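Only one structure is covered here, and it is reproduced in the block below.
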There are 2 protein chains.
Amino acid sequence: MIDQNANTTRNQILDAARELFAKHGYAGTSIADVANQVGTSKAGVYYHFRSKEEILDAILDQPILSLSKLVERAAVEHLSPEQLLSAYIDGMARSGKVLIALWNDLSIQEKLTRHNVEEKCGQIISLLAGPQPTEGKLIRARAAFAVAQTAINIISSHNGYLSPEIRKELLDAALRALGQPPAHI
Amino acid sequence: MIDQNANTTRNQILDAARELFAKHGYAGTSIADVANQVGTSKAGVYYHFRSKEEILDAILDQPILSLSKLVERAAVEHLSPEQLLSAYIDGMARSGKVLIALWNDLSIQEKLTRHNVEEKCGQIISLLAGPQPTEGKLIRARAAFAVAQTAINIISSHNGYLSPEIRKELLDAALRALGQPPAHI
DNA sequence: GTCTATAAGGGGATAGAC
DNA sequence: GTCTATCCCCTTATAGAC
């Protein structure tokens with residue numbers, strides 16, 4: 001919680017790692033790469049983190065927590081598909097490009113499995129599919145979730161910013177894929 | 001072209017590599033892993049392939065060619081969104097799980113860039129967006145393409161098979177995301 | 001065609017000086 | 001806190017026997 005955005009060496013390392021993991025993946029990024037990007041040495045990095053994996057954990061911490069909270073909240077508050085997809089898109093927007101990169105990074109899939117990431121997404125998809133999910137409803141729910149996921153790609157290609165107009169367009173597309181055209185037309 | 005499906009050692013190596021690349025990614029799979037899976041030695045693998053990259057090329061060859069052909073055909077024949085998405089889904093179904101894994105594998109992104117994969121997908125998205133693409137139409141086209149991409153995940157979770165019913169459900173969801181509800185309802 | 005043995009280099013991680 | 005030097009293992013790739 002402390003100095004979340006302070007310009008400490010530790011945060012510089014995290015920023016460099018986020019950028020490099022997003023570009024080359026976890027396995028494709030070496031500690032030397034991170035050190036060079038920051039302008040320090042490998043041992044310098046290891047002064048701030050016990051291992052490469054600890055850097056990854058520090059990066060994954062916030063997005064995974066955010067996903068967990070959304071799933072918990074959705075189960076309790078009985079969110080509508082629109083609210084669910086909306087919240088998911090906003091969560092992605094906050095986490096940035098590195099999330100989708102790590103998400104698809106097979107070299108850390110074991111860790112993601114340990115944190116039940118796929119299971120939590122499955123829960124969101126179940127909620128989107130509704131109480132009596134036929135196979136068709138599940139397919140549509142998956143489709144809607146996939147549309148929401150593309151938010152991150154669009155954000156990346158718009159300099160890290162998701163305008164309200166584009167956000168709405170994306171949300172509507174997801175809802176239509178789900179089979180629930182938005183009422184507010 | 002010759003012995004495409006013959007049970008040669010070379011094909012066994014390719015099958016093992018496909019399976020392991022799909023599971024652990026390209027960088028996360030070693031030649032020793034492939035050799036063990038086949039039941040041979042590292043040097044045995046290197047008798048059939050000059051390098052690890054040559055194995056990757058052999059695996060990527062067909063799906064990239066298939067994508068290129070689709071883009072060419074689409075440009076000439078003026079395919080409808082339904083035809084485009086349909087053909088894309090079928091192409092994915094033929095290539096199998098390894099494609100989406102390699103697709104998202106940042107450790108081989110340079111190679112995919114060299115083969116203009118992203119550019120070709122962009123062309124498909126442009127065709128989906130239509131002749132005078134507003135920003136909104138482009139977002140919807142991206143969404144529809146993303147839905148089609150999920151075909152591969154659904155295929156993976158259905159033992160490699162995409163039933164006509166599920167295929168239709170997916171295609172309809174993609175078309176709705178695009179803003180063109182299928183006429184055949 | 002397939003093996004064992006080994007070269008060559010990269011990557012994570014640590015020791016110890018400053 | 002940060003550096004240089006080093007250790008050790010894993011990986012790609014090759015040499016040469018069978």
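Scheme for the structure tokens: letters A, B, ... for chains in order shown; per-chain residue numbers from 1; ligand numbers from 1 in order shown.
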
> Near Lys168 in chain B, counting only C-alpha atoms (C1' of nucleotides), which residues have an atom at most 12 Å away, once you skip same-chain residues fewer than 6 positions from it, shown as JSON, numbers by chain?
Replying inline: {"A": [136, 139, 140], "B": [82, 85, 86, 89, 90, 148, 151, 162, 174, 175, 182, 184, 185]}

Using only C-alpha atoms (C1' of nucleotides), I'd like a table of the residues in chain B that come within 12 Å of chain D; for each, show the closest atom pair and its distance in Å rounded to one decimal, ordered by chain and ascending number, as CSV.
residue,atom,partner,partner_atom,distance
B:Ala27,CA,D:DT11,C1',10.3
B:Gly28,CA,D:DT11,C1',10.8
B:Thr29,CA,D:DT11,C1',10.0
B:Ser30,CA,D:DT11,C1',7.0
B:Ile31,CA,D:DT12,C1',8.0
B:Ala32,CA,D:DT11,C1',8.7
B:Asp33,CA,D:DT11,C1',10.9
B:Lys42,CA,D:DA13,C1',9.4
B:Ala43,CA,D:DA13,C1',8.7
B:Gly44,CA,D:DA13,C1',11.9
B:Val45,CA,D:DA13,C1',10.9
B:Tyr46,CA,D:DA13,C1',8.1
B:Tyr47,CA,D:DT14,C1',10.8
B:Phe49,CA,D:DA13,C1',11.1
B:Arg50,CA,D:DA13,C1',8.9
B:Ser51,CA,D:DA13,C1',7.8
B:Lys52,CA,D:DT12,C1',8.0
B:Glu53,CA,D:DT12,C1',10.6

Those same residues - C-alpha atoms - I'd like them written as a PDB file, in the first residue's frame.
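Result written to selection.pdb:
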ATOM      1  CA  ALA B  27       9.916 -21.161 -25.264  1.00  0.00           C
ATOM      2  CA  GLY B  28       8.617 -23.418 -22.496  1.00  0.00           C
ATOM      3  CA  THR B  29       9.212 -26.587 -24.502  1.00  0.00           C
ATOM      4  CA  SER B  30      12.716 -28.002 -24.884  1.00  0.00           C
ATOM      5  CA  ILE B  31      14.011 -30.377 -27.520  1.00  0.00           C
ATOM      6  CA  ALA B  32      14.587 -32.848 -24.710  1.00  0.00           C
ATOM      7  CA  ASP B  33      10.880 -32.649 -23.845  1.00  0.00           C
ATOM      8  CA  LYS B  42      17.739 -35.093 -28.596  1.00  0.00           C
ATOM      9  CA  ALA B  43      20.114 -36.028 -31.385  1.00  0.00           C
ATOM     10  CA  GLY B  44      17.374 -38.185 -32.838  1.00  0.00           C
ATOM     11  CA  VAL B  45      15.237 -35.086 -33.156  1.00  0.00           C
ATOM     12  CA  TYR B  46      18.096 -33.173 -34.737  1.00  0.00           C
ATOM     13  CA  TYR B  47      18.451 -35.856 -37.360  1.00  0.00           C
ATOM     14  CA  PHE B  49      15.101 -31.175 -38.101  1.00  0.00           C
ATOM     15  CA  ARG B  50      18.039 -28.802 -38.381  1.00  0.00           C
ATOM     16  CA  SER B  51      16.821 -26.650 -35.493  1.00  0.00           C
ATOM     17  CA  LYS B  52      14.033 -26.106 -33.021  1.00  0.00           C
ATOM     18  CA  GLU B  53      12.813 -23.258 -35.184  1.00  0.00           C
TER      19      GLU B  53
END

>> Give me, as a ChimeraX atom specification, the residues of chain B that a backbone DSSP run labels helix (DSSP H, G or I).
In response: /B:9-24,31-38,42-48,52-77,81-95,97-103,106-114,117-129,135-149,151-156,164-178

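Picture a line from CA of Gln123 in chain A to CA of Leu171 in chain A; it runs 18.9 Å.
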
> His158 in chain B: which residues within 12 Å, counting only C-alpha atoms (C1' of nucleotides), same-chain residues fewer than 4 positions away excluded, as number ranges by chain?
Replying inline: A: 135, 139; B: 93, 96-97, 151-154, 162-163, 166-167

Quick one: which residues from chain C are at most 9 Å off chain A, using only C-alpha atoms (C1' of nucleotides), as a PDB file with N, CA and C atoms (P, O5', C5', C4', C3', O3' and C1' of nucleotides), in the first residue's frame?
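Result file iface-v3.pdb:
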ATOM      1  P    DG C  11      19.480 -15.123 -21.956  1.00  0.00           P
ATOM      2  O5'  DG C  11      19.208 -15.874 -20.583  1.00  0.00           O
ATOM      3  C5'  DG C  11      18.280 -16.958 -20.567  1.00  0.00           C
ATOM      4  C4'  DG C  11      18.085 -17.408 -19.139  1.00  0.00           C
ATOM      5  C3'  DG C  11      17.924 -16.226 -18.190  1.00  0.00           C
ATOM      6  O3'  DG C  11      16.736 -16.332 -17.428  1.00  0.00           O
ATOM      7  C1'  DG C  11      19.712 -17.663 -17.487  1.00  0.00           C
ATOM      8  P    DG C  12      16.417 -15.280 -16.296  1.00  0.00           P
ATOM      9  O5'  DG C  12      16.758 -16.101 -14.973  1.00  0.00           O
ATOM     10  C5'  DG C  12      16.005 -17.276 -14.690  1.00  0.00           C
ATOM     11  C4'  DG C  12      16.525 -17.932 -13.431  1.00  0.00           C
ATOM     12  C3'  DG C  12      16.363 -17.091 -12.169  1.00  0.00           C
ATOM     13  O3'  DG C  12      15.951 -17.924 -11.089  1.00  0.00           O
ATOM     14  C1'  DG C  12      18.660 -17.591 -12.500  1.00  0.00           C
ATOM     15  P    DA C  13      15.524 -17.199  -9.689  1.00  0.00           P
ATOM     16  O5'  DA C  13      16.898 -17.139  -8.898  1.00  0.00           O
ATOM     17  C5'  DA C  13      17.532 -18.370  -8.526  1.00  0.00           C
ATOM     18  C4'  DA C  13      18.908 -18.073  -7.998  1.00  0.00           C
ATOM     19  C3'  DA C  13      18.978 -17.059  -6.849  1.00  0.00           C
ATOM     20  O3'  DA C  13      19.302 -17.748  -5.648  1.00  0.00           O
ATOM     21  C1'  DA C  13      20.748 -16.779  -8.422  1.00  0.00           C
ATOM     22  P    DT C  14      19.484 -16.940  -4.276  1.00  0.00           P
ATOM     23  O5'  DT C  14      21.062 -16.780  -4.189  1.00  0.00           O
ATOM     24  C5'  DT C  14      21.879 -17.944  -4.305  1.00  0.00           C
ATOM     25  C4'  DT C  14      23.337 -17.581  -4.122  1.00  0.00           C
ATOM     26  C3'  DT C  14      23.655 -16.721  -2.890  1.00  0.00           C
ATOM     27  O3'  DT C  14      24.757 -17.314  -2.217  1.00  0.00           O
ATOM     28  C1'  DT C  14      24.596 -15.762  -4.832  1.00  0.00           C
TER      29       DT C  14
END

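Pairwise distance (CA of Val147 in chain A, CA of Pro181 in chain A) equals 14.1 Å.
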
> Can you list, as a PyMOL selection string, every protein, DNA or RNA residue that comes within 8 Å of range 127-133 of chain B when you count only C-alpha atoms (C1' of nucleotides), leaving out same-chain residues fewer than 4 positions away?
Replying inline: chain B and resi 81+84+123+137-138+140-141+178

Selected residues, all heavy atoms, written as a PDB file, in the first residue's frame, please.
ATOM      1  N   PRO B  81     -19.781 -10.970 -44.530  1.00  0.00           N
ATOM      2  CA  PRO B  81     -19.294 -11.228 -43.177  1.00  0.00           C
ATOM      3  C   PRO B  81     -19.569 -12.658 -42.729  1.00  0.00           C
ATOM      4  O   PRO B  81     -18.705 -13.301 -42.131  1.00  0.00           O
ATOM      5  CB  PRO B  81     -20.078 -10.227 -42.335  1.00  0.00           C
ATOM      6  CG  PRO B  81     -20.330  -9.089 -43.252  1.00  0.00           C
ATOM      7  CD  PRO B  81     -20.528  -9.704 -44.614  1.00  0.00           C
ATOM      8  N   LEU B  84     -17.125 -14.899 -44.414  1.00  0.00           N
ATOM      9  CA  LEU B  84     -15.783 -14.665 -43.885  1.00  0.00           C
ATOM     10  C   LEU B  84     -15.589 -15.341 -42.530  1.00  0.00           C
ATOM     11  O   LEU B  84     -14.634 -16.092 -42.318  1.00  0.00           O
ATOM     12  CB  LEU B  84     -15.567 -13.162 -43.698  1.00  0.00           C
ATOM     13  CG  LEU B  84     -14.623 -12.440 -44.642  1.00  0.00           C
ATOM     14  CD1 LEU B  84     -14.588 -10.968 -44.292  1.00  0.00           C
ATOM     15  CD2 LEU B  84     -13.230 -13.040 -44.576  1.00  0.00           C
ATOM     16  N   GLN B 123      -6.751  -7.276 -41.997  1.00  0.00           N
ATOM     17  CA  GLN B 123      -7.488  -7.187 -43.261  1.00  0.00           C
ATOM     18  C   GLN B 123      -8.862  -7.832 -43.141  1.00  0.00           C
ATOM     19  O   GLN B 123      -9.852  -7.317 -43.676  1.00  0.00           O
ATOM     20  CB  GLN B 123      -6.682  -7.851 -44.381  1.00  0.00           C
ATOM     21  CG  GLN B 123      -5.480  -7.019 -44.805  1.00  0.00           C
ATOM     22  CD  GLN B 123      -4.590  -7.751 -45.803  1.00  0.00           C
ATOM     23  OE1 GLN B 123      -5.032  -8.641 -46.511  1.00  0.00           O
ATOM     24  NE2 GLN B 123      -3.323  -7.373 -45.836  1.00  0.00           N
ATOM     25  N   LYS B 137     -17.812   0.867 -36.178  1.00  0.00           N
ATOM     26  CA  LYS B 137     -17.856  -0.344 -36.997  1.00  0.00           C
ATOM     27  C   LYS B 137     -16.603  -1.184 -36.818  1.00  0.00           C
ATOM     28  O   LYS B 137     -16.640  -2.410 -36.817  1.00  0.00           O
ATOM     29  CB  LYS B 137     -18.020   0.039 -38.482  1.00  0.00           C
ATOM     30  CG  LYS B 137     -19.404   0.563 -38.835  1.00  0.00           C
ATOM     31  CD  LYS B 137     -19.744   0.317 -40.313  1.00  0.00           C
ATOM     32  CE  LYS B 137     -20.771  -0.797 -40.410  1.00  0.00           C
ATOM     33  NZ  LYS B 137     -21.146  -1.154 -41.774  1.00  0.00           N
ATOM     34  N   LEU B 138     -15.470  -0.485 -36.656  1.00  0.00           N
ATOM     35  CA  LEU B 138     -14.218  -1.219 -36.455  1.00  0.00           C
ATOM     36  C   LEU B 138     -14.222  -1.965 -35.134  1.00  0.00           C
ATOM     37  O   LEU B 138     -13.751  -3.098 -35.049  1.00  0.00           O
ATOM     38  CB  LEU B 138     -13.035  -0.248 -36.514  1.00  0.00           C
ATOM     39  CG  LEU B 138     -12.454  -0.058 -37.914  1.00  0.00           C
ATOM     40  CD1 LEU B 138     -11.460   1.091 -37.936  1.00  0.00           C
ATOM     41  CD2 LEU B 138     -11.787  -1.344 -38.395  1.00  0.00           C
ATOM     42  N   ARG B 140     -16.866  -3.079 -33.599  1.00  0.00           N
ATOM     43  CA  ARG B 140     -17.764  -4.225 -33.754  1.00  0.00           C
ATOM     44  C   ARG B 140     -17.114  -5.338 -34.563  1.00  0.00           C
ATOM     45  O   ARG B 140     -17.294  -6.523 -34.277  1.00  0.00           O
ATOM     46  CB  ARG B 140     -19.060  -3.765 -34.428  1.00  0.00           C
ATOM     47  CG  ARG B 140     -19.892  -2.835 -33.576  1.00  0.00           C
ATOM     48  CD  ARG B 140     -21.308  -2.700 -34.086  1.00  0.00           C
ATOM     49  NE  ARG B 140     -21.427  -1.843 -35.255  1.00  0.00           N
ATOM     50  CZ  ARG B 140     -21.543  -0.507 -35.200  1.00  0.00           C
ATOM     51  NH1 ARG B 140     -21.524   0.112 -34.032  1.00  0.00           N
ATOM     52  NH2 ARG B 140     -21.650   0.198 -36.299  1.00  0.00           N
ATOM     53  N   ALA B 141     -16.333  -4.946 -35.574  1.00  0.00           N
ATOM     54  CA  ALA B 141     -15.644  -5.952 -36.384  1.00  0.00           C
ATOM     55  C   ALA B 141     -14.616  -6.710 -35.550  1.00  0.00           C
ATOM     56  O   ALA B 141     -14.485  -7.934 -35.639  1.00  0.00           O
ATOM     57  CB  ALA B 141     -14.959  -5.282 -37.577  1.00  0.00           C
ATOM     58  N   LEU B 178     -21.257  -8.127 -34.494  1.00  0.00           N
ATOM     59  CA  LEU B 178     -20.959  -7.236 -35.614  1.00  0.00           C
ATOM     60  C   LEU B 178     -22.097  -6.249 -35.883  1.00  0.00           C
ATOM     61  O   LEU B 178     -21.889  -5.214 -36.500  1.00  0.00           O
ATOM     62  CB  LEU B 178     -20.700  -8.080 -36.861  1.00  0.00           C
ATOM     63  CG  LEU B 178     -20.216  -7.376 -38.128  1.00  0.00           C
ATOM     64  CD1 LEU B 178     -18.884  -6.679 -37.889  1.00  0.00           C
ATOM     65  CD2 LEU B 178     -20.089  -8.372 -39.271  1.00  0.00           C
TER      66      LEU B 178
END

Chain A residues near chain B within 6 Å, closest pair each, using only C-alpha atoms, as a Markdown table:
| residue | atom | partner | partner_atom | distance |
| --- | --- | --- | --- | --- |
| A:His24 | CA | B:Leu106 | CA | 5.2 |
| A:Gly25 | CA | B:Leu106 | CA | 5.4 |
| A:Gly28 | CA | B:Ser107 | CA | 5.8 |
| A:Leu106 | CA | B:His24 | CA | 5.2 |
| A:Ser107 | CA | B:Gly28 | CA | 5.8 |
| A:Ala143 | CA | B:Val147 | CA | 5.1 |
| A:Val147 | CA | B:Ala143 | CA | 5.1 |
| A:Ala173 | CA | B:Ala177 | CA | 4.4 |
| A:Arg176 | CA | B:Ala177 | CA | 5.4 |
| A:Ala177 | CA | B:Ala173 | CA | 4.4 |

Take the residues from that selection and write them out as a PDB file, in the first residue's frame, keeping C-alpha atoms.
ATOM      1  CA  HIS A  24       8.245 -10.736 -24.788  1.00  0.00           C
ATOM      2  CA  GLY A  25       6.345 -12.839 -22.255  1.00  0.00           C
ATOM      3  CA  GLY A  28      11.121 -14.577 -22.905  1.00  0.00           C
ATOM      4  CA  LEU A 106       1.608 -20.509 -21.184  1.00  0.00           C
ATOM      5  CA  SER A 107       4.887 -20.317 -19.276  1.00  0.00           C
ATOM      6  CA  ALA A 143     -18.623 -15.178 -26.868  1.00  0.00           C
ATOM      7  CA  VAL A 147     -15.639  -9.575 -26.662  1.00  0.00           C
ATOM      8  CA  ALA A 173     -21.304  -5.739 -28.947  1.00  0.00           C
ATOM      9  CA  ARG A 176     -25.547  -8.566 -28.494  1.00  0.00           C
ATOM     10  CA  ALA A 177     -23.236 -11.574 -28.715  1.00  0.00           C
TER      11      ALA A 177
END

>> Using Å and a single decimal, report how far CA of Ala58 in chain A sits from CA of Ala17 in chain A.
In response: 10.3 Å

>> Measuring between only C-alpha atoms (C1' of nucleotides), which one of B:Cys121, B:Ile55, B:Leu14, B:Ala35 shows the shortest distance to DT2 in chain C?
In response: B:Ala35
